[in-house]
>>> print(open('structure-v5.cif').read())   # mmCIF, C-alpha atoms and all ligand atoms
data_start
#
loop_
_atom_site.label_atom_id
_atom_site.label_comp_id
_atom_site.auth_asym_id
_atom_site.auth_seq_id
_atom_site.Cartn_x
_atom_site.Cartn_y
_atom_site.Cartn_z
CA MET A 1 -0.47 -28.08 -11.73
CA ARG A 2 -4.21 -27.91 -10.95
CA THR A 3 -5.34 -27.33 -7.36
CA TRP A 4 -8.94 -27.48 -6.14
CA ILE A 5 -9.55 -25.19 -3.17
CA LYS A 6 -12.44 -27.36 -2.03
CA SER A 7 -15.63 -26.57 -0.10
CA PRO A 8 -14.66 -23.32 1.63
CA LEU A 9 -16.48 -22.35 4.81
CA ALA A 10 -17.16 -19.07 2.97
CA ILE A 11 -15.79 -17.47 -0.19
CA PHE A 12 -15.85 -13.81 -1.22
CA THR A 13 -16.72 -13.54 -4.91
CA ASN A 14 -18.28 -10.12 -4.61
CA GLY A 15 -21.78 -11.50 -5.10
CA LYS A 16 -20.97 -12.65 -8.63
CA GLY A 17 -21.52 -16.30 -9.63
CA HIS A 18 -21.43 -19.48 -7.60
CA ALA A 19 -18.26 -20.91 -6.13
CA GLU A 20 -19.79 -22.51 -3.02
CA ASN A 21 -17.77 -25.66 -3.62
CA GLY A 22 -14.58 -23.77 -4.29
CA ILE A 23 -12.29 -22.71 -7.10
CA VAL A 24 -9.69 -24.41 -9.27
CA ILE A 25 -6.21 -22.95 -9.70
CA ASP A 26 -4.42 -23.88 -12.91
CA GLY A 27 -0.80 -22.73 -12.83
CA LYS A 28 -0.82 -19.06 -11.95
CA THR A 29 -4.48 -18.31 -12.57
CA ILE A 30 -8.00 -19.18 -11.44
CA SER A 31 -9.54 -21.48 -14.05
CA GLU A 32 -12.90 -22.57 -12.68
CA TRP A 33 -15.64 -21.94 -10.11
CA VAL A 34 -17.24 -25.00 -8.59
CA ALA A 35 -20.92 -24.56 -7.67
CA ALA A 36 -22.62 -26.13 -4.64
CA GLY A 37 -22.47 -29.94 -4.76
CA GLY A 38 -20.28 -29.86 -7.90
CA ALA A 39 -16.74 -31.00 -8.73
CA PRO A 40 -14.08 -29.67 -11.14
CA ARG A 41 -14.72 -30.45 -14.81
CA GLU A 42 -11.23 -31.93 -15.27
CA ALA A 43 -8.95 -33.93 -12.98
CA VAL A 44 -6.87 -31.99 -10.45
CA ASP A 45 -3.39 -32.70 -9.06
CA GLU A 46 -4.08 -31.48 -5.54
CA VAL A 47 -7.15 -31.03 -3.37
CA PHE A 48 -6.90 -28.43 -0.61
CA ASP A 49 -9.62 -28.97 1.97
CA ALA A 50 -10.85 -25.44 2.75
CA SER A 51 -13.84 -26.49 4.85
CA ALA A 52 -12.39 -24.60 7.84
CA HIS A 53 -11.33 -21.54 5.81
CA VAL A 54 -12.82 -18.26 4.70
CA VAL A 55 -11.36 -17.60 1.24
CA ILE A 56 -10.91 -14.06 -0.04
CA PRO A 57 -8.87 -12.50 -2.86
CA GLY A 58 -5.39 -11.56 -1.63
CA LEU A 59 -5.54 -8.10 -0.06
CA ILE A 60 -3.82 -5.25 -1.92
CA ASN A 61 -1.95 -2.54 -0.07
CA THR A 62 -1.82 0.76 -1.97
CA HIS A 63 0.39 2.88 0.30
CA HIS A 64 3.34 2.23 2.59
CA HIS A 65 6.86 3.38 3.46
CA TYR A 66 8.62 0.13 4.33
CA TYR A 67 11.71 1.85 5.72
CA GLN A 68 9.55 3.35 8.50
CA THR A 69 9.24 -0.09 10.13
CA LEU A 70 12.67 0.88 11.54
CA THR A 71 11.13 3.80 13.46
CA ARG A 72 7.88 2.48 14.95
CA ALA A 73 6.74 4.13 18.16
CA THR A 74 9.84 6.34 18.22
CA PRO A 75 9.80 8.38 21.45
CA CYS A 76 10.54 11.78 19.86
CA ALA A 77 7.64 11.39 17.39
CA LEU A 78 4.90 10.27 19.76
CA ASN A 79 1.67 12.27 20.10
CA LYS A 80 2.34 14.61 17.18
CA GLU A 81 0.46 15.75 14.08
CA LEU A 82 1.92 15.23 10.60
CA PHE A 83 4.27 18.23 10.21
CA PRO A 84 5.88 18.12 13.69
CA TRP A 85 5.87 14.29 13.46
CA LEU A 86 7.83 14.47 10.17
CA LYS A 87 10.23 17.07 11.53
CA SER A 88 11.01 14.80 14.49
CA LEU A 89 11.72 11.82 12.27
CA TYR A 90 13.58 13.35 9.29
CA PRO A 91 16.91 13.66 11.20
CA ILE A 92 16.70 9.95 12.11
CA TRP A 93 15.67 8.88 8.60
CA ALA A 94 18.67 10.83 7.23
CA GLY A 95 20.83 7.97 8.53
CA LEU A 96 19.16 5.39 6.27
CA THR A 97 21.42 2.96 4.38
CA ASP A 98 20.79 0.59 1.46
CA GLU A 99 21.03 -2.36 3.85
CA MET A 100 18.32 -0.82 6.06
CA VAL A 101 16.07 -0.36 3.04
CA HIS A 102 16.64 -3.99 2.05
CA VAL A 103 15.94 -5.49 5.47
CA SER A 104 12.97 -3.21 6.30
CA THR A 105 11.42 -4.08 2.93
CA GLN A 106 11.80 -7.79 3.67
CA LEU A 107 10.28 -7.38 7.12
CA ALA A 108 7.34 -5.24 6.00
CA CYS A 109 6.54 -7.61 3.13
CA ALA A 110 6.71 -10.60 5.48
CA GLU A 111 4.35 -8.86 7.88
CA LEU A 112 1.98 -8.00 5.02
CA LEU A 113 1.93 -11.54 3.59
CA LEU A 114 1.16 -13.00 7.01
CA SER A 115 -1.84 -10.67 7.23
CA GLY A 116 -3.29 -11.90 3.91
CA CYS A 117 -1.80 -9.25 1.62
CA THR A 118 -0.55 -10.54 -1.75
CA THR A 119 0.26 -7.27 -3.57
CA SER A 120 1.82 -4.23 -1.99
CA SER A 121 2.93 -0.83 -3.18
CA ASP A 122 5.70 1.02 -1.39
CA HIS A 123 6.36 4.75 -1.61
CA HIS A 124 10.09 5.20 -1.12
CA TYR A 125 11.12 8.86 -1.33
CA LEU A 126 14.11 9.00 1.02
CA PHE A 127 17.52 8.82 -0.63
CA THR A 128 20.67 9.72 1.27
CA ASP A 129 24.34 9.33 0.37
CA ARG A 130 24.18 5.91 2.00
CA SER A 131 20.87 4.83 0.46
CA ALA A 132 21.41 5.94 -3.13
CA ASN A 133 20.62 2.40 -4.36
CA ALA A 134 17.41 2.03 -2.38
CA MET A 135 15.41 0.93 -5.44
CA ASP A 136 17.78 -1.96 -6.19
CA ALA A 137 17.66 -2.95 -2.51
CA GLN A 138 13.86 -2.93 -2.52
CA VAL A 139 13.54 -4.95 -5.70
CA GLU A 140 15.93 -7.58 -4.38
CA ALA A 141 13.95 -7.78 -1.12
CA VAL A 142 10.46 -8.09 -2.65
CA ARG A 143 11.77 -10.85 -4.93
CA GLU A 144 13.24 -12.70 -1.97
CA ILE A 145 9.98 -12.55 0.00
CA GLY A 146 7.78 -13.35 -3.01
CA ILE A 147 5.05 -10.72 -2.68
CA ARG A 148 3.63 -9.10 -5.85
CA ALA A 149 5.04 -5.60 -5.81
CA VAL A 150 4.68 -2.06 -7.02
CA VAL A 151 7.86 -0.21 -6.15
CA THR A 152 7.57 3.54 -6.54
CA ARG A 153 10.59 5.72 -7.19
CA GLY A 154 9.72 8.58 -4.88
CA SER A 155 11.61 11.83 -4.41
CA MET A 156 12.17 14.94 -2.32
CA SER A 157 13.91 17.98 -3.84
CA VAL A 158 12.84 21.04 -1.84
CA GLY A 159 14.59 21.24 1.51
CA GLN A 160 14.21 23.67 4.38
CA LYS A 161 16.43 26.34 2.85
CA ASN A 162 13.99 26.63 -0.08
CA GLY A 163 10.86 26.64 2.05
CA GLY A 164 10.27 22.88 2.15
CA LEU A 165 9.83 20.69 5.19
CA PRO A 166 12.68 18.10 4.92
CA PRO A 167 16.28 18.84 5.94
CA GLU A 168 18.84 19.37 3.16
CA ASN A 169 20.59 16.02 3.71
CA THR A 170 17.43 14.15 2.65
CA VAL A 171 16.73 15.94 -0.66
CA GLN A 172 18.19 15.25 -4.10
CA ASP A 173 18.99 17.22 -7.23
CA GLU A 174 16.06 17.13 -9.70
CA ASP A 175 18.11 16.04 -12.74
CA GLN A 176 19.50 13.18 -10.70
CA ILE A 177 15.95 12.20 -9.65
CA LEU A 178 14.67 12.19 -13.22
CA ASN A 179 17.63 10.19 -14.51
CA ASP A 180 17.20 7.61 -11.78
CA CYS A 181 13.41 7.38 -12.38
CA ASP A 182 14.10 6.66 -16.02
CA SER A 183 16.72 4.00 -15.31
CA VAL A 184 14.63 2.25 -12.61
CA ILE A 185 11.68 1.93 -15.01
CA GLN A 186 13.91 0.56 -17.78
CA LYS A 187 15.55 -1.89 -15.42
CA TYR A 188 12.55 -3.29 -13.55
CA HIS A 189 9.08 -2.36 -14.85
CA ASP A 190 7.10 -5.31 -16.20
CA PRO A 191 3.83 -4.08 -17.76
CA MET A 192 2.51 -7.54 -18.73
CA PRO A 193 -0.60 -9.20 -17.22
CA GLY A 194 0.44 -11.27 -14.20
CA SER A 195 3.39 -8.95 -13.57
CA MET A 196 5.13 -9.52 -10.23
CA LEU A 197 6.94 -6.18 -10.31
CA GLN A 198 5.87 -2.78 -11.54
CA ILE A 199 7.43 0.64 -11.09
CA ALA A 200 5.53 3.88 -10.49
CA LEU A 201 6.87 7.41 -10.02
CA ALA A 202 6.06 9.21 -6.79
CA PRO A 203 7.31 12.69 -5.82
CA CYS A 204 6.62 12.86 -2.10
CA SER A 205 4.25 15.77 -1.39
CA PRO A 206 3.57 19.45 -2.18
CA PHE A 207 5.84 20.48 0.69
CA SER A 208 8.91 18.51 -0.41
CA VAL A 209 9.14 18.74 -4.22
CA SER A 210 8.94 21.57 -6.77
CA LYS A 211 6.20 22.18 -9.33
CA ASP A 212 8.77 21.62 -12.09
CA LEU A 213 9.61 18.20 -10.74
CA MET A 214 5.91 17.24 -10.59
CA VAL A 215 5.48 18.30 -14.25
CA ASN A 216 8.65 16.57 -15.44
CA VAL A 217 8.00 13.35 -13.56
CA ALA A 218 4.47 13.16 -15.01
CA GLU A 219 5.88 13.63 -18.50
CA LEU A 220 8.40 10.84 -17.95
CA ALA A 221 5.75 8.50 -16.48
CA ARG A 222 3.54 9.02 -19.52
CA ILE A 223 6.38 8.27 -21.95
CA HIS A 224 6.88 4.92 -20.20
CA LYS A 225 3.18 4.36 -19.39
CA VAL A 226 3.77 3.87 -15.66
CA LYS A 227 1.51 5.09 -12.85
CA LEU A 228 1.95 8.24 -10.75
CA HIS A 229 1.54 8.48 -6.99
CA THR A 230 1.89 11.16 -4.32
CA HIS A 231 0.53 12.30 -0.94
CA LEU A 232 -2.26 14.86 -1.26
CA ALA A 233 -4.86 16.56 0.93
CA GLU A 234 -3.70 14.72 4.05
CA THR A 235 -3.88 17.55 6.59
CA ARG A 236 -5.18 21.10 7.07
CA ASP A 237 -1.54 22.19 7.44
CA GLU A 238 -0.91 20.99 3.88
CA THR A 239 -3.87 23.01 2.55
CA ASP A 240 -2.52 26.10 4.36
CA TYR A 241 0.96 25.43 2.93
CA CYS A 242 -0.42 25.22 -0.64
CA LEU A 243 -2.48 28.40 -0.21
CA GLN A 244 0.55 30.23 1.09
CA LYS A 245 3.19 28.86 -1.28
CA PHE A 246 1.24 28.21 -4.49
CA ASN A 247 -1.73 30.49 -3.89
CA CYS A 248 -4.17 27.63 -4.51
CA ARG A 249 -5.69 24.60 -2.81
CA PRO A 250 -4.01 21.15 -3.10
CA LEU A 251 -6.32 19.96 -5.90
CA ASP A 252 -5.74 23.09 -8.01
CA TYR A 253 -2.03 22.49 -7.49
CA LEU A 254 -2.48 18.91 -8.73
CA GLU A 255 -4.29 20.15 -11.82
CA ASN A 256 -1.67 22.86 -12.48
CA VAL A 257 1.10 20.26 -12.61
CA ASN A 258 -0.88 17.98 -15.02
CA TRP A 259 -1.67 15.29 -12.49
CA LEU A 260 -5.47 15.36 -12.66
CA SER A 261 -5.62 12.10 -14.61
CA SER A 262 -6.57 8.42 -14.43
CA ASP A 263 -2.92 7.32 -14.25
CA VAL A 264 -2.66 8.91 -10.78
CA TRP A 265 -3.50 7.50 -7.35
CA LEU A 266 -3.19 9.65 -4.25
CA ALA A 267 -2.46 8.74 -0.66
CA HIS A 268 -5.02 10.01 1.88
CA GLY A 269 -7.21 12.45 -0.12
CA ILE A 270 -9.00 13.82 2.95
CA PHE A 271 -9.47 17.55 2.51
CA PHE A 272 -11.47 17.83 -0.70
CA GLU A 273 -14.57 19.96 -1.19
CA ASP A 274 -17.64 18.68 -3.09
CA LYS A 275 -16.68 20.24 -6.40
CA GLU A 276 -13.14 18.91 -6.03
CA ILE A 277 -14.42 15.38 -5.45
CA HIS A 278 -16.51 15.74 -8.61
CA LYS A 279 -13.41 16.79 -10.52
CA LEU A 280 -11.33 13.89 -9.14
CA GLY A 281 -14.03 11.39 -10.11
CA GLY A 282 -14.37 12.85 -13.60
CA ALA A 283 -10.63 12.51 -14.12
CA GLY A 284 -10.57 8.95 -12.74
CA VAL A 285 -8.01 9.64 -10.02
CA GLY A 286 -7.62 6.80 -7.47
CA ILE A 287 -7.45 7.33 -3.70
CA SER A 288 -5.55 5.21 -1.18
CA HIS A 289 -7.53 5.42 2.06
CA CYS A 290 -5.22 4.98 5.07
CA PRO A 291 -7.58 4.88 8.08
CA THR A 292 -5.13 3.95 10.86
CA SER A 293 -2.55 6.55 9.86
CA ASN A 294 -5.27 9.20 9.58
CA MET A 295 -6.46 8.35 13.09
CA MET A 296 -2.96 7.97 14.56
CA LEU A 297 -1.88 11.43 13.38
CA GLY A 298 -5.37 12.83 13.96
CA SER A 299 -5.41 14.04 10.34
CA GLY A 300 -9.08 13.59 9.39
CA GLN A 301 -11.55 11.31 7.61
CA CYS A 302 -11.42 10.48 3.91
CA ARG A 303 -14.83 10.97 2.26
CA VAL A 304 -14.86 7.49 0.77
CA LEU A 305 -18.52 7.19 -0.25
CA GLU A 306 -18.62 10.56 -2.03
CA LEU A 307 -15.35 9.74 -3.82
CA GLN A 308 -16.72 6.37 -4.96
CA ALA A 309 -20.08 7.85 -5.99
CA ASN A 310 -18.23 10.34 -8.19
CA GLY A 311 -16.24 7.59 -9.92
CA CYS A 312 -12.96 7.46 -8.00
CA ALA A 313 -11.38 4.09 -7.31
CA VAL A 314 -10.79 3.90 -3.55
CA GLY A 315 -8.29 1.36 -2.23
CA ILE A 316 -6.80 0.79 1.21
CA GLY A 317 -3.26 1.43 2.43
CA VAL A 318 -1.58 0.72 5.75
CA ASP A 319 0.75 3.74 5.27
CA GLY A 320 4.22 3.86 6.77
CA SER A 321 4.87 1.92 9.91
CA ALA A 322 5.80 5.04 11.83
CA SER A 323 2.25 6.37 11.63
CA ASN A 324 0.27 3.13 11.89
CA ASP A 325 2.53 1.55 13.44
CA CYS A 326 1.93 -1.89 11.94
CA SER A 327 1.60 -3.32 8.44
CA ASN A 328 -1.40 -5.59 8.86
CA MET A 329 -3.75 -5.34 5.88
CA MET A 330 -6.55 -7.38 7.45
CA GLN A 331 -6.60 -5.10 10.47
CA GLU A 332 -6.62 -2.11 8.13
CA VAL A 333 -9.82 -3.42 6.50
CA ARG A 334 -11.47 -3.41 9.92
CA GLN A 335 -10.18 0.09 10.64
CA ALA A 336 -11.69 1.30 7.36
CA LEU A 337 -15.05 -0.20 8.34
CA LEU A 338 -14.98 1.46 11.76
CA LEU A 339 -13.76 4.88 10.65
CA GLN A 340 -16.18 5.06 7.73
CA ARG A 341 -19.12 3.89 9.89
CA LEU A 342 -18.34 6.70 12.30
CA GLN A 343 -18.80 9.08 9.38
CA TYR A 344 -21.70 7.53 7.46
CA GLY A 345 -23.50 5.27 9.93
CA ALA A 346 -23.53 1.46 10.22
CA ALA A 347 -26.13 0.88 7.50
CA ARG A 348 -24.09 2.52 4.74
CA VAL A 349 -20.76 0.70 5.21
CA SER A 350 -20.72 -3.11 5.10
CA HIS A 351 -17.96 -5.67 5.59
CA GLN A 352 -18.32 -6.60 1.91
CA GLN A 353 -17.74 -2.96 0.91
CA VAL A 354 -14.48 -2.66 2.85
CA LEU A 355 -13.25 -6.04 1.59
CA SER A 356 -14.00 -4.86 -1.97
CA MET A 357 -12.10 -1.66 -1.29
CA ALA A 358 -9.01 -3.60 -0.16
CA THR A 359 -9.13 -5.89 -3.21
CA GLN A 360 -10.90 -4.55 -6.32
CA GLY A 361 -10.63 -0.91 -5.27
CA SER A 362 -6.93 -1.22 -4.55
CA ALA A 363 -6.34 -3.08 -7.84
CA ARG A 364 -8.02 -0.24 -9.74
CA CYS A 365 -5.81 2.31 -7.96
CA LEU A 366 -2.74 0.41 -9.15
CA GLY A 367 -4.14 0.11 -12.69
CA ARG A 368 -4.42 -3.68 -12.49
CA ASP A 369 -7.25 -5.74 -13.96
CA ASP A 370 -5.61 -9.13 -13.35
CA ILE A 371 -5.72 -9.10 -9.53
CA GLY A 372 -8.21 -8.19 -6.77
CA ALA A 373 -11.01 -10.70 -7.43
CA LEU A 374 -11.54 -14.46 -7.42
CA ALA A 375 -12.70 -14.42 -11.03
CA ILE A 376 -11.85 -16.88 -13.79
CA GLY A 377 -8.70 -15.86 -15.64
CA MET A 378 -7.45 -13.68 -12.79
CA GLN A 379 -4.14 -14.27 -11.03
CA ALA A 380 -4.39 -16.90 -8.28
CA ASP A 381 -3.73 -14.55 -5.35
CA LEU A 382 -5.68 -15.82 -2.33
CA ALA A 383 -5.84 -15.35 1.42
CA LEU A 384 -7.40 -18.09 3.55
CA PHE A 385 -8.35 -17.44 7.16
CA LYS A 386 -9.35 -19.97 9.81
CA LEU A 387 -11.88 -18.94 12.42
CA ASP A 388 -10.48 -21.10 15.22
CA ASP A 389 -9.11 -18.33 17.44
CA THR A 390 -10.85 -17.35 20.69
CA ARG A 391 -12.04 -14.12 19.13
CA PHE A 392 -14.23 -16.02 16.62
CA CYS A 393 -16.03 -18.31 19.08
CA GLY A 394 -19.77 -17.99 18.63
CA ALA A 395 -19.53 -16.17 15.27
CA GLY A 396 -22.48 -16.55 12.87
CA ASP A 397 -21.61 -15.17 9.41
CA PRO A 398 -18.04 -16.33 8.64
CA LEU A 399 -17.21 -13.54 6.17
CA ALA A 400 -18.57 -10.83 8.47
CA ALA A 401 -16.67 -12.45 11.38
CA LEU A 402 -13.41 -11.98 9.52
CA VAL A 403 -13.85 -8.21 9.67
CA LEU A 404 -15.97 -7.73 12.80
CA CYS A 405 -14.11 -10.11 15.14
CA GLY A 406 -10.77 -8.71 13.99
CA ALA A 407 -8.91 -11.42 12.05
CA ASP A 408 -5.23 -10.51 11.91
CA ALA A 409 -3.36 -13.57 10.65
CA ALA A 410 -4.02 -15.55 7.48
CA ASP A 411 -3.67 -19.31 7.76
CA CYS A 412 -2.61 -19.76 4.12
CA VAL A 413 -1.67 -17.28 1.41
CA MET A 414 -1.12 -17.95 -2.30
CA VAL A 415 0.56 -15.59 -4.78
CA ALA A 416 0.40 -16.41 -8.50
CA GLY A 417 -0.54 -20.02 -7.73
CA GLN A 418 2.32 -20.55 -5.25
CA TRP A 419 1.78 -21.03 -1.51
CA LYS A 420 3.73 -18.36 0.40
CA VAL A 421 2.13 -18.87 3.83
CA LYS A 422 0.93 -22.16 5.32
CA ASN A 423 -0.26 -22.73 8.90
CA GLN A 424 0.40 -19.04 9.61
CA ALA A 425 4.11 -19.44 8.74
CA LEU A 426 6.06 -17.89 5.87
CA LEU A 427 7.54 -20.53 3.58
CA GLY A 428 11.21 -20.23 2.67
CA VAL A 429 11.90 -17.27 4.97
CA ASP A 430 13.83 -17.45 8.24
CA LEU A 431 11.64 -14.97 10.08
CA GLU A 432 13.50 -15.11 13.40
CA THR A 433 16.82 -14.21 11.76
CA LEU A 434 15.10 -11.45 9.77
CA LYS A 435 13.49 -10.00 12.91
CA HIS A 436 16.82 -10.03 14.73
CA LYS A 437 18.64 -8.28 11.86
CA HIS A 438 15.85 -5.71 11.57
CA SER A 439 15.97 -4.92 15.30
CA GLN A 440 19.72 -4.37 15.16
CA LEU A 441 19.44 -2.01 12.19
CA ALA A 442 16.53 -0.14 13.79
CA HIS A 443 18.68 0.41 16.87
CA THR A 444 21.61 1.63 14.74
CA LEU A 445 19.35 4.04 12.83
CA GLN A 446 17.69 5.46 15.92
CA GLN A 447 21.09 6.03 17.54
CA SER A 448 22.67 7.52 14.38
CA VAL A 449 21.04 10.91 14.91
CA ASN A 450 23.25 11.55 17.94
CA PHE A 451 26.39 11.43 15.82
CA GLN A 452 25.35 13.75 12.98
ZN ZN B 1 2.49 8.06 3.42
#
>>> encode(input="structure-v5.cif", output="structure tokens", more="lines below")
Ligand code: ZN
Amino acid sequence: MRTWIKSPLAIFTNGKGHAENGIVIDGKTISEWVAAGGAPREAVDEVFDASAHVVIPGLINTHHHYYQTLTRATPCALNKELFPWLKSLYPIWAGLTDEMVHVSTQLACAELLLSGCTTSSDHHYLFTDRSANAMDAQVEAVREIGIRAVVTRGSMSVGQKNGGLPPENTVQDEDQILNDCDSVIQKYHDPMPGSMLQIALAPCSPFSVSKDLMVNVAELARIHKVKLHTHLAETRDETDYCLQKFNCRPLDYLENVNWLSSDVWLAHGIFFEDKEIHKLGGAGVGISHCPTSNMMLGSGQCRVLELQANGCAVGIGVDGSASNDCSNMMQEVRQALLLQRLQYGAARVSHQQVLSMATQGSARCLGRDDIGALAIGMQADLALFKLDDTRFCGAGDPLAALVLCGADAADCVMVAGQWKVKNQALLGVDLETLKHKHSQLAHTLQQSVNFQ
């Protein structure tokens, strides 16, 4: 099956080559660029008229907690910084079930696809007696929705009685965690180019797992050649916690547990000093920049340009939907532009830079060289936006308009050569039924805390 995405209004090829007259999709990959006035070299089966569309590579989300879509704008967690915010929500999250993980994953992935996101990574670290099979539930859900996925087997092992932040009913035994990490990788991880599902290992944060677990998980990940992910340097409270508990700053802690390496990407990465940024870049660590979450919790500003200048891959993440509180990747691109301009000035942060961050930068974080750009041979993951909404009236540069005017809904989305969204609607998913089911489960979860 060959499809010509013909004559786009604008196309984002990162300034490389000429595809003014579109691109050709052959099966699952991009096979050809068509220059201005040209036509495909060989016959095509389908012509998609993109003359009203801005075409970009599918956006790649590098950090999320899908289950948190069940606790958006929760009254007890409003207007709080990270630690008190977490402490308010842990007792609610302790009521999580496998079914809730399944349905919240479906809903978050649907929301992401509709916003132009084609690959998403979730950080699931919350396992209770009733959500022991959360990984199986997530895998089933991402397959049903059809998004390209990185599912991370997260973990928490240090509860309040051992000086950690989470309550005891949300932490697991470390041997059990390691065994499950091993089995999830063996069951689901596909390392091949074009992979639709990869597994990464992701102990939650310095204040919820032990040093031993960090070391052992890294060892296991390296045996299986899977990526490592965790939260780091998100807040000043975390730095204080590390100084007090480990007698070192978060980055020294990372180095001490053998995580200063190119197979690691970190969520947030805000509180790093110059010499630490140099170290991170030298090691090739990736950073998932989560601008909305950082603003919502008032955490701080990630030093994106210094990180990039030192060699770090910087991608974008929407973060969990209890600290965002939405999962819209296109809106997140705009938030990154605004937050970073506040820090560096308008002339140093362009719309092309933030779009690159959310595509190529994110792909690098996830260790993928087959997604994140509209290049020949890459996976055919595309997001197409129409500029026919009121907010775009009078716009000059179509690509800039996408970011500056605040696009939030893709018209069409393709994953691995298959249309998943057309006319702003998800194909093959009954969204109304899904929304209804999700609302019921969210209500059940938020009420469950009263009965524990
Ligand atoms: Zn997070």
>>> atom_distance(input="structure-v5.cif", atom1="atom CA of A:Met100", atom2="atom CA of A:Asn179")
23.3 Å
>>> residues_around(input="structure-v5.cif", residues="stretch 313-330 of chain A", least_positions_apart="2", cutoff="8 Å", atoms="only C-alpha atoms", output="PDB file with C-alpha atoms, keeping the file's coordinate frame")
ATOM      1  CA  LEU A  59      -5.540  -8.100  -0.060  1.00  0.00           C
ATOM      2  CA  ILE A  60      -3.820  -5.250  -1.920  1.00  0.00           C
ATOM      3  CA  ASN A  61      -1.950  -2.540  -0.070  1.00  0.00           C
ATOM      4  CA  THR A  62      -1.820   0.760  -1.970  1.00  0.00           C
ATOM      5  CA  HIS A  63       0.390   2.880   0.300  1.00  0.00           C
ATOM      6  CA  HIS A  64       3.340   2.230   2.590  1.00  0.00           C
ATOM      7  CA  HIS A  65       6.860   3.380   3.460  1.00  0.00           C
ATOM      8  CA  TYR A  66       8.620   0.130   4.330  1.00  0.00           C
ATOM      9  CA  TYR A  67      11.710   1.850   5.720  1.00  0.00           C
ATOM     10  CA  GLN A  68       9.550   3.350   8.500  1.00  0.00           C
ATOM     11  CA  THR A  69       9.240  -0.090  10.130  1.00  0.00           C
ATOM     12  CA  THR A  71      11.130   3.800  13.460  1.00  0.00           C
ATOM     13  CA  ARG A  72       7.880   2.480  14.950  1.00  0.00           C
ATOM     14  CA  ALA A  73       6.740   4.130  18.160  1.00  0.00           C
ATOM     15  CA  THR A  74       9.840   6.340  18.220  1.00  0.00           C
ATOM     16  CA  ALA A 108       7.340  -5.240   6.000  1.00  0.00           C
ATOM     17  CA  GLU A 111       4.350  -8.860   7.880  1.00  0.00           C
ATOM     18  CA  LEU A 112       1.980  -8.000   5.020  1.00  0.00           C
ATOM     19  CA  SER A 115      -1.840 -10.670   7.230  1.00  0.00           C
ATOM     20  CA  GLY A 116      -3.290 -11.900   3.910  1.00  0.00           C
ATOM     21  CA  CYS A 117      -1.800  -9.250   1.620  1.00  0.00           C
ATOM     22  CA  ALA A 267      -2.460   8.740  -0.660  1.00  0.00           C
ATOM     23  CA  GLY A 284     -10.570   8.950 -12.740  1.00  0.00           C
ATOM     24  CA  VAL A 285      -8.010   9.640 -10.020  1.00  0.00           C
ATOM     25  CA  GLY A 286      -7.620   6.800  -7.470  1.00  0.00           C
ATOM     26  CA  ILE A 287      -7.450   7.330  -3.700  1.00  0.00           C
ATOM     27  CA  SER A 288      -5.550   5.210  -1.180  1.00  0.00           C
ATOM     28  CA  HIS A 289      -7.530   5.420   2.060  1.00  0.00           C
ATOM     29  CA  CYS A 290      -5.220   4.980   5.070  1.00  0.00           C
ATOM     30  CA  PRO A 291      -7.580   4.880   8.080  1.00  0.00           C
ATOM     31  CA  THR A 292      -5.130   3.950  10.860  1.00  0.00           C
ATOM     32  CA  SER A 293      -2.550   6.550   9.860  1.00  0.00           C
ATOM     33  CA  MET A 296      -2.960   7.970  14.560  1.00  0.00           C
ATOM     34  CA  LEU A 297      -1.880  11.430  13.380  1.00  0.00           C
ATOM     35  CA  VAL A 304     -14.860   7.490   0.770  1.00  0.00           C
ATOM     36  CA  LEU A 307     -15.350   9.740  -3.820  1.00  0.00           C
ATOM     37  CA  GLN A 308     -16.720   6.370  -4.960  1.00  0.00           C
ATOM     38  CA  GLY A 311     -16.240   7.590  -9.920  1.00  0.00           C
ATOM     39  CA  GLU A 332      -6.620  -2.110   8.130  1.00  0.00           C
ATOM     40  CA  VAL A 333      -9.820  -3.420   6.500  1.00  0.00           C
ATOM     41  CA  ARG A 334     -11.470  -3.410   9.920  1.00  0.00           C
ATOM     42  CA  ALA A 336     -11.690   1.300   7.360  1.00  0.00           C
ATOM     43  CA  MET A 357     -12.100  -1.660  -1.290  1.00  0.00           C
ATOM     44  CA  ALA A 358      -9.010  -3.600  -0.160  1.00  0.00           C
ATOM     45  CA  THR A 359      -9.130  -5.890  -3.210  1.00  0.00           C
ATOM     46  CA  GLN A 360     -10.900  -4.550  -6.320  1.00  0.00           C
ATOM     47  CA  GLY A 361     -10.630  -0.910  -5.270  1.00  0.00           C
ATOM     48  CA  SER A 362      -6.930  -1.220  -4.550  1.00  0.00           C
ATOM     49  CA  ALA A 363      -6.340  -3.080  -7.840  1.00  0.00           C
ATOM     50  CA  ARG A 364      -8.020  -0.240  -9.740  1.00  0.00           C
ATOM     51  CA  CYS A 365      -5.810   2.310  -7.960  1.00  0.00           C
ATOM     52  CA  VAL A 403     -13.850  -8.210   9.670  1.00  0.00           C
ATOM     53  CA  GLY A 406     -10.770  -8.710  13.990  1.00  0.00           C
ATOM     54  CA  ALA A 407      -8.910 -11.420  12.050  1.00  0.00           C
ATOM     55  CA  ASP A 408      -5.230 -10.510  11.910  1.00  0.00           C
ATOM     56  CA  ALA A 409      -3.360 -13.570  10.650  1.00  0.00           C
TER      57      ALA A 409
END
>>> residues_around(input="structure-v5.cif", residues="A:Ile56", least_positions_apart="6", cutoff="7 Å", atoms="only C-alpha atoms", output="NGL selection string")
:A and (11-12 or 382-384)
>>> residues_around(input="structure-v5.cif", residues="A:Ala35", least_positions_apart="4", cutoff="8 Å", atoms="all atoms listed in the file", output="list in words")
His18, Ala19, Glu20, Asn21, Gly22 and Ala39 of chain A
